[in-house]
Structure formats: structure tokens, C-alpha cells
>>> print(open('query_39.txt').read())   # compact mmCIF, C-alpha atoms and all ligand atoms
# COMPACT_ATOMS: atom_id res chain seq x y z
CA MET W 1 -16.57 5.62 61.67
CA THR W 2 -14.58 6.75 64.69
CA GLY W 3 -11.77 5.12 66.60
CA ASP W 4 -8.18 4.58 67.69
CA THR W 5 -5.98 1.60 68.45
CA THR W 6 -3.66 0.21 71.12
CA THR W 7 -1.00 -2.49 70.78
CA ARG W 8 -0.52 -5.06 73.54
CA GLY W 9 1.55 -8.26 73.38
CA GLY W 10 1.97 -7.97 69.61
CA GLN W 11 -1.82 -7.96 69.04
CA MET W 12 -3.53 -4.84 67.86
CA HIS W 13 -6.78 -3.98 69.61
CA ALA W 14 -9.09 -1.80 67.62
CA ARG W 15 -11.32 0.48 69.71
CA THR W 16 -13.74 1.66 67.11
CA THR W 17 -17.38 1.94 66.36
CA MET W 18 -19.05 1.31 63.06
CA ASP W 19 -22.42 1.41 61.35
CA ALA W 20 -23.78 -1.92 60.17
CA VAL W 21 -26.85 -3.67 58.84
CA VAL W 22 -27.72 -6.03 61.67
CA LEU W 23 -29.86 -9.14 61.23
CA GLU W 24 -31.55 -9.54 64.60
CA ARG W 25 -33.27 -12.82 63.68
CA PHE W 26 -33.68 -14.98 60.58
CA GLY W 27 -36.60 -13.88 58.41
CA GLY W 28 -37.67 -11.42 55.71
CA PRO W 29 -35.83 -8.34 54.41
CA ASP W 30 -37.41 -6.19 57.15
CA GLU W 31 -35.25 -8.03 59.69
CA LEU W 32 -32.24 -6.12 58.27
CA ARG W 33 -31.81 -3.06 60.48
CA TYR W 34 -29.29 -0.26 59.94
CA VAL W 35 -27.61 0.48 63.26
CA GLU W 36 -25.14 3.28 63.96
CA GLY W 37 -22.29 3.33 66.44
CA ILE W 38 -21.93 -0.33 67.34
CA PRO W 39 -18.54 -1.80 68.38
CA ALA W 40 -16.30 -2.76 65.48
CA PRO W 41 -14.76 -6.24 65.54
CA THR W 42 -11.35 -6.53 67.24
CA LEU W 43 -8.40 -7.07 64.94
CA PRO W 44 -6.71 -10.47 65.24
CA SER W 45 -3.12 -11.12 64.12
CA GLY W 46 -2.72 -11.68 60.41
CA HIS W 47 -5.88 -9.69 59.65
CA VAL W 48 -6.58 -6.14 58.53
CA LEU W 49 -9.38 -3.74 59.41
CA ILE W 50 -11.01 -2.52 56.21
CA GLU W 51 -13.08 0.63 55.76
CA VAL W 52 -15.83 -0.59 53.44
CA LEU W 53 -16.29 1.40 50.23
CA ALA W 54 -18.70 -1.12 48.70
CA ALA W 55 -20.20 -4.49 49.66
CA GLY W 56 -21.55 -6.95 47.10
CA VAL W 57 -24.99 -8.55 47.52
CA ASN W 58 -25.25 -12.23 46.59
CA PRO W 59 -28.16 -14.70 46.49
CA VAL W 60 -26.60 -16.59 49.41
CA ASP W 61 -26.97 -13.43 51.56
CA ALA W 62 -30.74 -13.51 51.13
CA ARG W 63 -30.93 -17.25 51.71
CA THR W 64 -28.85 -16.98 54.86
CA ARG W 65 -31.03 -14.09 56.06
CA ARG W 66 -34.00 -16.47 55.79
CA GLY W 67 -32.18 -19.08 57.90
CA GLU W 68 -31.20 -21.16 54.85
CA GLY W 69 -28.04 -20.83 52.72
CA VAL W 70 -25.05 -21.02 55.05
CA ALA W 71 -27.06 -20.08 58.17
CA ARG W 72 -25.67 -23.08 60.04
CA SER W 73 -22.10 -21.95 59.33
CA VAL W 74 -22.64 -18.36 60.46
CA GLY W 75 -24.52 -19.34 63.61
CA ALA W 76 -27.41 -17.68 65.38
CA PRO W 77 -28.21 -13.95 64.98
CA PRO W 78 -27.61 -11.18 65.75
CA LEU W 79 -25.15 -11.05 62.88
CA VAL W 80 -24.00 -8.91 59.97
CA LEU W 81 -24.35 -10.42 56.49
CA GLY W 82 -22.16 -9.91 53.44
CA TRP W 83 -19.02 -11.60 52.17
CA ASP W 84 -17.92 -9.40 49.24
CA VAL W 85 -16.02 -6.21 49.91
CA ALA W 86 -13.94 -3.46 48.38
CA GLY W 87 -12.33 -1.00 50.77
CA ILE W 88 -9.27 0.64 52.28
CA VAL W 89 -7.00 -1.02 54.84
CA ARG W 90 -7.20 1.23 57.92
CA GLN W 91 -5.33 -0.92 60.44
CA ARG W 92 -2.97 -3.83 60.12
CA GLY W 93 -2.95 -6.72 62.58
CA TYR W 94 0.38 -8.21 63.64
CA GLY W 95 2.09 -9.94 60.71
CA ALA W 96 -0.57 -9.12 58.10
CA ARG W 97 0.77 -9.01 54.55
CA LEU W 98 -0.96 -5.74 53.60
CA GLU W 99 -0.26 -2.08 54.37
CA GLU W 100 -2.47 0.66 55.77
CA GLY W 101 -3.96 2.62 52.88
CA ASP W 102 -4.04 -0.37 50.50
CA LEU W 103 -7.19 -0.50 48.40
CA VAL W 104 -8.35 -4.12 48.58
CA MET W 105 -11.13 -6.42 47.39
CA GLY W 106 -12.15 -9.95 48.23
CA MET W 107 -14.61 -12.53 49.48
CA LEU W 108 -14.07 -12.82 53.22
CA ALA W 109 -14.31 -15.92 55.45
CA PHE W 110 -17.07 -17.63 53.44
CA PRO W 111 -19.05 -19.63 54.61
CA LEU W 112 -18.27 -18.39 58.12
CA ARG W 113 -19.24 -14.93 59.42
CA ALA W 114 -17.67 -11.97 57.64
CA GLY W 115 -19.98 -8.95 58.03
CA CYS W 116 -19.35 -6.80 54.96
CA TYR W 117 -22.72 -4.97 55.28
CA ALA W 118 -20.94 -2.49 57.56
CA THR W 119 -18.61 0.49 57.49
CA LEU W 120 -15.76 -1.64 58.91
CA VAL W 121 -14.90 -5.30 58.46
CA ILE W 122 -12.01 -7.63 59.31
CA GLY W 123 -10.31 -9.67 56.58
CA ARG W 124 -7.30 -11.91 56.14
CA ALA W 125 -4.64 -10.83 53.68
CA ARG W 126 -4.81 -14.16 51.84
CA GLU W 127 -8.49 -13.62 51.05
CA LEU W 128 -7.82 -10.19 49.61
CA ALA W 129 -6.30 -8.74 46.46
CA ARG W 130 -5.19 -5.18 45.77
CA VAL W 131 -7.71 -3.36 43.58
CA PRO W 132 -6.04 -2.64 40.24
CA ASP W 133 -5.81 1.00 39.14
CA GLY W 134 -8.99 2.17 37.47
CA LEU W 135 -11.34 -0.50 38.85
CA PRO W 136 -14.22 1.28 40.67
CA PRO W 137 -15.03 -0.05 44.18
CA SER W 138 -18.56 -1.00 43.14
CA VAL W 139 -17.20 -3.28 40.40
CA ALA W 140 -14.49 -4.63 42.70
CA ALA W 141 -17.06 -5.49 45.39
CA GLY W 142 -19.37 -7.21 42.91
CA LEU W 143 -16.81 -9.56 41.49
CA PRO W 144 -15.24 -11.83 44.16
CA LEU W 145 -17.92 -14.35 45.23
CA ALA W 146 -19.55 -14.77 41.83
CA GLY W 147 -16.24 -14.71 39.96
CA LEU W 148 -14.52 -17.19 42.25
CA THR W 149 -17.54 -19.50 42.01
CA ALA W 150 -17.23 -19.62 38.23
CA LEU W 151 -13.44 -19.82 38.22
CA GLN W 152 -13.16 -22.58 40.82
CA ALA W 153 -15.96 -24.64 39.26
CA LEU W 154 -14.51 -24.55 35.76
CA ARG W 155 -10.80 -24.66 36.48
CA GLU W 156 -10.42 -26.61 39.72
CA ASP W 157 -13.48 -28.83 39.78
CA ALA W 158 -14.19 -29.49 36.10
CA LYS W 159 -10.57 -29.03 34.94
CA LEU W 160 -12.05 -27.52 31.79
CA ARG W 161 -9.75 -27.73 28.77
CA ALA W 162 -9.67 -26.01 25.38
CA GLY W 163 -11.95 -27.70 22.88
CA GLN W 164 -14.33 -29.11 25.49
CA ARG W 165 -18.06 -28.31 25.52
CA VAL W 166 -19.64 -26.94 28.67
CA GLY W 167 -23.37 -26.56 29.32
CA ILE W 168 -24.19 -23.69 31.69
CA VAL W 169 -27.72 -23.96 33.08
CA GLY W 170 -28.94 -20.57 34.34
CA ALA W 171 -26.31 -18.81 32.24
CA GLY W 172 -28.13 -15.46 32.32
CA GLY W 173 -27.31 -14.70 35.97
CA VAL W 174 -24.16 -13.13 37.36
CA VAL W 175 -22.26 -16.40 37.91
CA GLY W 176 -23.56 -17.76 34.59
CA GLN W 177 -22.36 -14.75 32.58
CA LEU W 178 -18.95 -14.86 34.26
CA ALA W 179 -18.71 -18.64 33.73
CA THR W 180 -19.62 -18.20 30.06
CA GLN W 181 -16.76 -15.75 29.57
CA LEU W 182 -14.21 -17.72 31.62
CA ALA W 183 -15.04 -20.91 29.71
CA ARG W 184 -14.51 -19.05 26.44
CA LEU W 185 -11.20 -17.65 27.69
CA ALA W 186 -10.17 -21.25 28.46
CA GLY W 187 -10.92 -22.14 24.83
CA ALA W 188 -14.04 -24.17 25.61
CA GLU W 189 -17.34 -24.02 23.72
CA VAL W 190 -20.35 -22.83 25.73
CA VAL W 191 -23.91 -24.07 25.43
CA ALA W 192 -25.87 -21.55 27.51
CA VAL W 193 -29.34 -22.34 28.88
CA ALA W 194 -31.19 -19.18 29.86
CA ARG W 195 -34.48 -17.38 29.41
CA PRO W 196 -34.74 -15.58 26.04
CA HIS W 197 -34.20 -12.08 27.45
CA HIS W 198 -30.57 -13.10 28.17
CA HIS W 199 -29.82 -14.61 24.74
CA ALA W 200 -28.38 -11.59 22.91
CA ARG W 201 -26.08 -10.80 25.83
CA LEU W 202 -24.87 -14.42 26.11
CA ARG W 203 -24.06 -14.57 22.40
CA GLU W 204 -22.17 -11.30 22.77
CA LEU W 205 -20.19 -12.87 25.64
CA GLY W 206 -19.17 -15.77 23.42
CA ALA W 207 -21.72 -18.56 23.93
CA ALA W 208 -21.69 -20.80 20.83
CA GLU W 209 -25.23 -22.01 21.39
CA VAL W 210 -28.02 -20.41 23.40
CA LEU W 211 -31.09 -22.38 24.39
CA ALA W 212 -34.32 -21.32 26.07
CA PRO W 213 -35.40 -23.67 28.88
CA GLY W 214 -38.29 -24.85 26.70
CA SER W 215 -35.95 -25.90 23.86
CA LEU W 216 -33.56 -27.90 26.03
CA ALA W 217 -35.41 -31.22 25.93
CA ALA W 218 -35.52 -31.24 22.11
CA ALA W 219 -31.83 -30.34 21.85
CA LEU W 220 -30.93 -33.09 24.29
CA ALA W 221 -32.88 -35.61 22.28
CA GLY W 222 -30.80 -34.59 19.26
CA GLU W 223 -27.28 -33.27 18.76
CA LEU W 224 -26.69 -32.39 22.40
CA HIS W 225 -27.29 -35.91 23.72
CA GLY W 226 -24.14 -37.01 25.58
CA ALA W 227 -22.21 -34.13 23.96
CA LEU W 228 -21.24 -32.04 27.01
CA ASP W 229 -17.96 -32.59 28.84
CA VAL W 230 -19.14 -30.41 31.72
CA VAL W 231 -22.54 -29.31 33.03
CA VAL W 232 -22.71 -26.39 35.48
CA GLU W 233 -26.08 -26.05 37.25
CA LEU W 234 -27.06 -22.60 38.57
CA THR W 235 -30.87 -22.67 38.80
CA GLY W 236 -31.54 -25.07 41.70
CA GLY W 237 -34.50 -26.46 39.73
CA PRO W 238 -35.41 -29.36 37.47
CA LEU W 239 -33.63 -27.88 34.44
CA GLY W 240 -30.35 -29.25 35.77
CA THR W 241 -31.76 -32.77 36.03
CA LEU W 242 -32.87 -32.50 32.42
CA ALA W 243 -29.46 -31.22 31.29
CA LEU W 244 -27.77 -34.35 32.62
CA ALA W 245 -28.92 -36.12 29.44
CA GLY W 246 -26.34 -33.96 27.70
CA LEU W 247 -23.43 -35.14 29.84
CA ALA W 248 -20.85 -37.23 28.00
CA ALA W 249 -19.66 -40.50 29.55
CA GLY W 250 -17.00 -39.55 32.12
CA GLY W 251 -18.10 -35.91 32.05
CA THR W 252 -18.33 -33.71 35.15
CA ALA W 253 -21.51 -32.16 36.54
CA LEU W 254 -21.24 -29.35 39.07
CA TRP W 255 -24.25 -28.41 41.19
CA LEU W 256 -23.75 -24.88 42.52
CA ALA W 257 -27.25 -23.61 43.37
CA ALA W 258 -28.42 -26.55 45.48
CA ASP W 259 -27.35 -30.00 46.54
CA ALA W 260 -28.00 -32.78 44.04
CA THR W 261 -30.95 -35.11 44.49
CA GLU W 262 -30.61 -38.91 44.68
CA GLU W 263 -32.07 -39.09 41.16
CA GLU W 264 -29.44 -36.67 39.82
CA ARG W 265 -26.59 -38.57 41.49
CA HIS W 266 -27.95 -41.75 39.95
CA LEU W 267 -27.96 -40.10 36.50
CA ALA W 268 -24.34 -38.91 36.65
CA ALA W 269 -21.46 -40.66 38.41
CA GLU W 270 -19.29 -37.51 38.38
CA LEU W 271 -21.75 -35.13 39.99
CA GLU W 272 -20.62 -32.87 42.82
CA ALA W 273 -22.15 -30.01 44.77
CA ARG W 274 -19.50 -27.35 45.33
CA LEU W 275 -19.13 -24.32 47.59
CA VAL W 276 -16.90 -21.38 46.69
CA GLU W 277 -13.80 -20.77 48.84
CA PRO W 278 -11.98 -17.50 49.59
CA ASP W 279 -8.90 -16.98 47.42
CA GLY W 280 -7.15 -13.62 47.09
CA ALA W 281 -4.98 -14.79 44.19
CA GLY W 282 -8.08 -15.86 42.26
CA VAL W 283 -9.68 -12.47 42.93
CA ALA W 284 -6.55 -10.72 41.63
CA GLU W 285 -6.71 -12.78 38.45
CA LEU W 286 -10.39 -11.95 37.91
CA ALA W 287 -9.82 -8.26 38.59
CA ALA W 288 -6.98 -8.16 36.06
CA LEU W 289 -9.24 -9.73 33.43
CA VAL W 290 -11.89 -7.07 34.08
CA CYS W 291 -9.31 -4.29 33.78
CA GLU W 292 -8.03 -5.75 30.51
CA GLY W 293 -11.59 -5.72 29.17
CA ARG W 294 -11.64 -9.53 28.84
CA LEU W 295 -14.25 -10.16 31.54
CA ARG W 296 -17.44 -8.21 32.08
CA ILE W 297 -19.63 -8.35 35.17
CA PRO W 298 -23.30 -7.44 34.84
CA LEU W 299 -23.88 -4.65 37.35
CA ALA W 300 -27.41 -3.79 38.47
CA GLY W 301 -26.38 -0.69 40.37
CA GLU W 302 -25.60 0.72 43.78
CA LEU W 303 -27.79 1.32 46.81
CA PRO W 304 -26.87 3.04 50.09
CA LEU W 305 -25.84 0.55 52.79
CA ALA W 306 -28.85 1.66 54.84
CA GLN W 307 -31.08 0.26 52.06
CA ALA W 308 -29.83 -3.32 52.33
CA ALA W 309 -33.41 -4.52 52.90
CA GLU W 310 -34.45 -2.99 49.55
CA ALA W 311 -31.49 -4.71 47.85
CA HIS W 312 -32.69 -8.05 49.24
CA ARG W 313 -36.25 -7.38 48.07
CA ARG W 314 -35.02 -6.70 44.52
CA LEU W 315 -32.77 -9.76 44.59
CA GLU W 316 -35.57 -12.04 45.74
CA ALA W 317 -38.10 -10.54 43.33
CA GLY W 318 -35.70 -11.27 40.46
CA THR W 319 -35.78 -7.61 39.43
CA ALA W 320 -32.14 -6.83 40.20
CA ARG W 321 -30.89 -7.98 36.75
CA GLY W 322 -27.25 -8.24 37.73
CA LYS W 323 -25.05 -7.55 40.71
CA LEU W 324 -26.28 -5.10 43.35
CA VAL W 325 -23.73 -3.33 45.50
CA LEU W 326 -24.23 -1.52 48.83
CA VAL W 327 -22.31 1.68 49.41
CA PRO W 328 -21.89 3.29 52.87
CA THR W 329 -22.57 7.01 53.05
CA PRO W 330 -19.20 8.77 53.25
CA ALA W 331 -18.34 9.93 56.79
CA GLY W 332 -18.69 13.67 57.35
CA PRO W 333 -15.68 15.96 57.85
N1 LIG T 401 -22.09 -23.08 45.42
C1 LIG T 401 -21.59 -21.87 45.58
O1 LIG T 401 -20.54 -21.67 46.20
C2 LIG T 401 -22.32 -20.71 44.99
C3 LIG T 401 -21.67 -19.50 44.82
C4 LIG T 401 -22.34 -18.46 44.18
C5 LIG T 401 -23.65 -18.63 43.78
N2 LIG T 401 -24.26 -19.82 44.01
C6 LIG T 401 -25.65 -20.04 43.60
O2 LIG T 401 -25.66 -20.09 42.19
C7 LIG T 401 -26.88 -19.55 41.70
C8 LIG T 401 -26.59 -18.44 40.70
O3 LIG T 401 -25.98 -17.35 41.38
P1 LIG T 401 -26.01 -15.92 40.70
O4 LIG T 401 -25.27 -15.00 41.58
O5 LIG T 401 -25.64 -16.04 39.28
O6 LIG T 401 -27.57 -15.60 40.80
P2 LIG T 401 -28.48 -14.76 39.79
O7 LIG T 401 -27.68 -13.64 39.21
O8 LIG T 401 -29.74 -14.49 40.53
O9 LIG T 401 -28.75 -15.78 38.61
C9 LIG T 401 -29.60 -16.85 38.69
C10 LIG T 401 -30.03 -17.13 37.26
O10 LIG T 401 -30.74 -18.36 37.23
C11 LIG T 401 -31.74 -18.18 36.27
N3 LIG T 401 -32.80 -19.16 36.42
C12 LIG T 401 -33.42 -19.55 37.56
N4 LIG T 401 -34.36 -20.47 37.26
C13 LIG T 401 -34.32 -20.62 35.91
C14 LIG T 401 -35.04 -21.41 34.99
N5 LIG T 401 -35.99 -22.26 35.40
N6 LIG T 401 -34.75 -21.32 33.67
C15 LIG T 401 -33.78 -20.49 33.24
N7 LIG T 401 -33.05 -19.70 34.06
C16 LIG T 401 -33.33 -19.79 35.37
C17 LIG T 401 -32.25 -16.76 36.47
O11 LIG T 401 -32.90 -16.37 35.29
P3 LIG T 401 -33.64 -14.94 35.09
O12 LIG T 401 -32.55 -13.91 35.09
O13 LIG T 401 -34.27 -15.08 33.76
O14 LIG T 401 -34.58 -14.80 36.23
C18 LIG T 401 -30.94 -16.04 36.72
O15 LIG T 401 -30.41 -15.53 35.51
C19 LIG T 401 -27.65 -19.06 42.94
O16 LIG T 401 -28.56 -20.05 43.33
C20 LIG T 401 -26.57 -18.90 43.98
O17 LIG T 401 -27.05 -19.03 45.28
C21 LIG T 401 -23.64 -20.86 44.60
>>> encode(input="query_39.txt", output="C-alpha cells")
Amino acid sequence: MTGDTTTRGGQMHARTTMDAVVLERFGGPDELRYVEGIPAPTLPSGHVLIEVLAAGVNPVDARTRRGEGVARSVGAPPLVLGWDVAGIVRQRGYGARLEEGDLVMGMLAFPLRAGCYATLVIGRARELARVPDGLPPSVAAGLPLAGLTALQALREDAKLRAGQRVGIVGAGGVVGQLATQLARLAGAEVVAVARPHHHARLRELGAAEVLAPGSLAAALAGELHGALDVVVELTGGPLGTLALAGLAAGGTALWLAADATEEERHLAAELEARLVEPDGAGVAELAALVCEGRLRIPLAGELPLAQAAEAHRRLEAGTARGKLVLVPTPAGP
């Protein structure tokens, strides 16, 4: 990263270059190209320029790369993917409520363009939280999008209360594991549906009942029939449709991996597809829980930013097993 700034009419103009993973056109992982020395975005009022220490990789990144996901919201390539960031505030736009040198984390601008797969990115103070002492950047960058998804679904959409029962379908993934823990912290009882290799972990995280996909139908025909106050769907497949038999009358079903089908809407009156929204205060709350040891995020590891294509291959092959984080190579002296 190189650069300097000028101030004109109250607006700060960043004159910098950055390295970034550029998506030249929608398609496979090989369309992600690491490019050095491209112009950094200019810094609007109320925003800060962040030096990226780590950028989280989410399933929506890969979908958007393929021209699906939120491709319509980000617009036509060339573009830089990535919404999750941890980094250092290097410049402050006019009126921004953060200081240069602040270590920050957040989910930026989603579902519009953000561009966290880069060495520099622009964010709004309200989307960001200060990284608590002791939280490594790679953990901080892995948390926002997945954590906010779980938090907003359970608290704001489902209004989950202590004593309620929540079914989490696809509970073994990053959002599912976070949702399992947040539901437990809210005093709810979790019925987790996940493949068997996730069961021990989900029990450890507090799930009261853990079901393999193949056992769900039998459970729904028995004690689970109409017994769930909330169903959270994270697989985008037919398992969610099946789980609706567990929804209690007046219960809430939240479809997070894909929009609901006509059949599913017919099966449950209170069924909504939901998209996560940026929220710095929510990120701060999640980060505090992690620091207190009350929330654990499954981390798959770090890769250099230049290997974003490899991160997408692992994500799409299902071999990542947790949250992957991209880390720029530190600038030389
Ligand atoms: N609406 C929103 O705003 C929003 C925000 C964040 C994420 N999402 C979506 O939510 C989903 C989960 O996100 P994530 O980050 O948690 O992804 P993830 O870590 O890849 O987790 C997905 C999980 O779904 C499980 N799964 C898929 N099909 C399954 C099946 N038939 N039976 C049992 N388990 C199944 C996978 O199981 P295995 O591990 O066994 O393969 C995996 O554990 C993704 O589709 C993502 O795009 C939506």
C-alpha cells in the first residue's frame, strides 16, 4: 500500500493504490485475479479508509462470483468481492465517528459492493466496531456476516425467548454453530439438524437434541411434530421443507440460505426469507461474547489474500470445515 491524502471542501480525497483480488467477469474461482497497484477507492464523508488485516470468506462471496447470490446488488464486474473485514483505520473521512489507528471489524455495505478482498477498503463507522483487546484479526474478520445473520434471525426476526424450542437446519455450518450458541444464550432449547460428523461439536455447544438428516422425518412424525417455536433453514435444500412439520401453530420459520418455495409458504404462514444487514453495534456485541468465551466461531484457517481462488475452491468443495479468512501479505519496510 502506498499513498497520501488531500482535503478539499471538507471532503478527504485519498490518493492511494492498493492490491486487490479482482473479479473480471462472473464465473469460476479462476476468474479471481490478484492485481497489484490499482487505485484505492476515494474516501467519502462519514467513512474511513481501512488497511485490511484479514477478510472473511462467506458462501455468498462464491455465489456472487458465479453471478448468483447478490450479484444483482453489486452490479456488473469488474469488482472486488468480500464483505467481512478486520483492519486499521488509516484515514478518516469528514465527520466519521472513528479515529486513525483504531482497530476495527465489521460487515461492510452488504448487499452492495464493499471490496474487502483488498489491502484497502472503505467502510462506514456505523457498520464497524472496535476490535476488543486480545481478539486476533482473523477471528474478528470471520465473525461479522455469519454472526449478524444468526443474531438478527433469532433476536429481531424470530424474537426468540427463553424456554422456546428452535430447530436449526444445517446447524453444523458456521452460521448454524453460532445460531446454536446464541439461542442457548437466550435460554432457548436447540434441536440441531446436521450430518453426524457435526454432532459431538453441536452437543458441546449446547444443542439439546441433535438429529441426522435421515432421522428427521421419524422425529417429526413423533415428539417433534408441531413442537418448534422457530425453524431456521440454512441448507437451501428439501430438509427445510421437511422441518416445517415441526413448526408449532403461530411459529416463525426463517429461510436464510434460499428463498422459500410456494409449497413452503403454503406450509407455514409465518415464513420469511431474510438477508443480513450491516450493524456495528451487533458486531461489538458478538465480539464481546467471543472475548468472554461465551461464543465460539469455527475457524478453518487463513490463506494469503493472493490465494482467494483457492479459498473459493475449498468453500465450494465443502472441504473448508469452518470459516476461511484471507490475509494480505504485510507491506515491506
Ligand atoms: N440470508 C442471509 O443473509 C445469509 C447470511 C449468511 C449466510 N447465509 C446462507 O446460509 C447458509 C449457511 O451459511 P454458512 O456460512 O453457515 O455456510 P456453511 O458453513 O457452508 O454451512 C452450511 C452447512 O449446511 C450443511 N448442509 C447443507 N446441506 C445439508 C444437508 N442436506 N443436510 C445436512 N446439512 C446440510 C452443511 O453440512 P456439512 O458441513 O456436513 O457439509 C454445512 O454445515 C449458506 O447457504 C449461506 O449462503 C445467508
>>> residues_near_ligand(input="query_39.txt", ligand="ligand LIG 401 (chain T)", cutoff="6 Å", atoms="all atoms listed in the file", output="ChimeraX atom specification")
/W:58-60,146,149,170,172-176,194-195,213,234-235,256-257,274-276,318,322
>>> closest_residue(input="query_39.txt", among="W:Leu239, W:Gly101, W:Ala245, W:Arg184", to="W:Leu211", atoms="only C-alpha atoms")
W:Leu239
>>> residues_around(input="query_39.txt", residues="W:Val325", least_positions_apart="3", cutoff="6 Å", atoms="only C-alpha atoms", output="list in words")
Ala55, Gly56, Val57 and Glu302 of chain W
>>> closest_residue(input="query_39.txt", among="W:Leu271, W:Val327, W:Ala320, W:Val210", to="W:Gly250", atoms="only C-alpha atoms")
W:Leu271
>>> closest_atom_pairs(input="query_39.txt", of="stretch 13-63 of chain W", to="stretch 116-133 of chain W", cutoff="7 Å", atoms="all atoms listed in the file", output="Markdown table")
| residue | atom | partner | partner_atom | distance |
| --- | --- | --- | --- | --- |
| W:Met18 | CA | W:Thr119 | CA | 5.6 |
| W:Asp19 | CA | W:Thr119 | CA | 5.5 |
| W:Ala20 | CA | W:Ala118 | CA | 3.9 |
| W:Val21 | CA | W:Tyr117 | CA | 5.6 |
| W:Ala40 | CA | W:Leu120 | CA | 6.7 |
| W:Pro41 | CA | W:Ile122 | CA | 7.0 |
| W:Leu43 | CA | W:Ile122 | CA | 6.7 |
| W:Gly46 | CA | W:Arg124 | CA | 6.3 |
| W:His47 | CA | W:Arg124 | CA | 4.4 |
| W:Val48 | CA | W:Gly123 | CA | 5.5 |
| W:Leu49 | CA | W:Ile122 | CA | 4.7 |
| W:Ile50 | CA | W:Val121 | CA | 5.3 |
| W:Glu51 | CA | W:Leu120 | CA | 4.7 |
| W:Val52 | CA | W:Thr119 | CA | 5.0 |
| W:Ala55 | CA | W:Cys116 | CA | 5.8 |
>>> write_last_selection(input="query_39.txt", atoms="C-alpha atoms", output="JSON list (two decimals), in the frame of the given file")
[["chain", "number", "residue", "atom", "x", "y", "z"],
["W", 18, "MET", "CA", -19.05, 1.31, 63.06],
["W", 19, "ASP", "CA", -22.42, 1.41, 61.35],
["W", 20, "ALA", "CA", -23.78, -1.92, 60.17],
["W", 21, "VAL", "CA", -26.85, -3.67, 58.84],
["W", 40, "ALA", "CA", -16.30, -2.76, 65.48],
["W", 41, "PRO", "CA", -14.76, -6.24, 65.54],
["W", 43, "LEU", "CA", -8.40, -7.07, 64.94],
["W", 46, "GLY", "CA", -2.72, -11.68, 60.41],
["W", 47, "HIS", "CA", -5.88, -9.69, 59.65],
["W", 48, "VAL", "CA", -6.58, -6.14, 58.53],
["W", 49, "LEU", "CA", -9.38, -3.74, 59.41],
["W", 50, "ILE", "CA", -11.01, -2.52, 56.21],
["W", 51, "GLU", "CA", -13.08, 0.63, 55.76],
["W", 52, "VAL", "CA", -15.83, -0.59, 53.44],
["W", 55, "ALA", "CA", -20.20, -4.49, 49.66]]
>>> atom_distance(input="query_39.txt", atom1="atom CA of W:Glu285", atom2="atom CA of W:Pro328")
26.4 Å
>>> closest_residue(input="query_39.txt", among="W:Ala208, W:Ala96, W:Ala309, W:Val80", to="W:Gln181", atoms="only C-alpha atoms")
W:Ala208
>>> closest_residue(input="query_39.txt", among="W:Glu223, W:Glu100, W:Glu31, W:Asp229", to="W:Gly163", atoms="only C-alpha atoms")
W:Asp229
>>> axis_aligned_box(input="query_39.txt", around="stretch 176-190 of chain W", padding_each_side="6 Å", output="AutoDock Vina command-line options")
--center_x -16.9 --center_y -19.5 --center_z 29.2 --size_x 25.4 --size_y 21.4 --size_z 22.9
>>> closest_residue(input="query_39.txt", among="W:Arg314, W:His225, W:Arg113, W:Arg155", to="W:Gly167", atoms="only C-alpha atoms")
W:His225
>>> atom_distance(input="query_39.txt", atom1="atom CA of W:Gly236", atom2="atom CA of W:Ala86")
28.7 Å
>>> atom_distance(input="query_39.txt", atom1="atom CA of W:Met105", atom2="atom CA of W:Leu145")
10.7 Å
>>> closest_residue(input="query_39.txt", among="W:Arg265, W:Thr17, W:Leu23, W:Gly214", to="W:Glu36", atoms="all atoms listed in the file")
W:Thr17
>>> residues_near_point(input="query_39.txt", point="(-33.9, -33.4, 24.6)", cutoff="12 Å", atoms="only C-alpha atoms", output="count of residues only")
24
>>> residues_around(input="query_39.txt", residues="W:Pro78", least_positions_apart="6", cutoff="9 Å", atoms="all atoms listed in the file", output="JSON, numbers by chain")
{"W": [22, 23, 24, 25, 26]}
>>> write_last_selection(input="query_39.txt", atoms="C-alpha atoms", output="mmCIF file, in the frame of the given file")
data_model
loop_
_atom_site.group_PDB
_atom_site.id
_atom_site.type_symbol
_atom_site.label_atom_id
_atom_site.label_comp_id
_atom_site.auth_asym_id
_atom_site.auth_seq_id
_atom_site.Cartn_x
_atom_site.Cartn_y
_atom_site.Cartn_z
ATOM 1 C CA VAL W 22 -27.720 -6.030 61.670
ATOM 2 C CA LEU W 23 -29.860 -9.140 61.230
ATOM 3 C CA GLU W 24 -31.550 -9.540 64.600
ATOM 4 C CA ARG W 25 -33.270 -12.820 63.680
ATOM 5 C CA PHE W 26 -33.680 -14.980 60.580
#
>>> residues_near_point(input="query_39.txt", point="(-9.6, -21.1, 35.5)", cutoff="9 Å", atoms="all atoms listed in the file", output="MDAnalysis selection string")
chainID W and resid 150:156 159:160 182:183 185:186 282
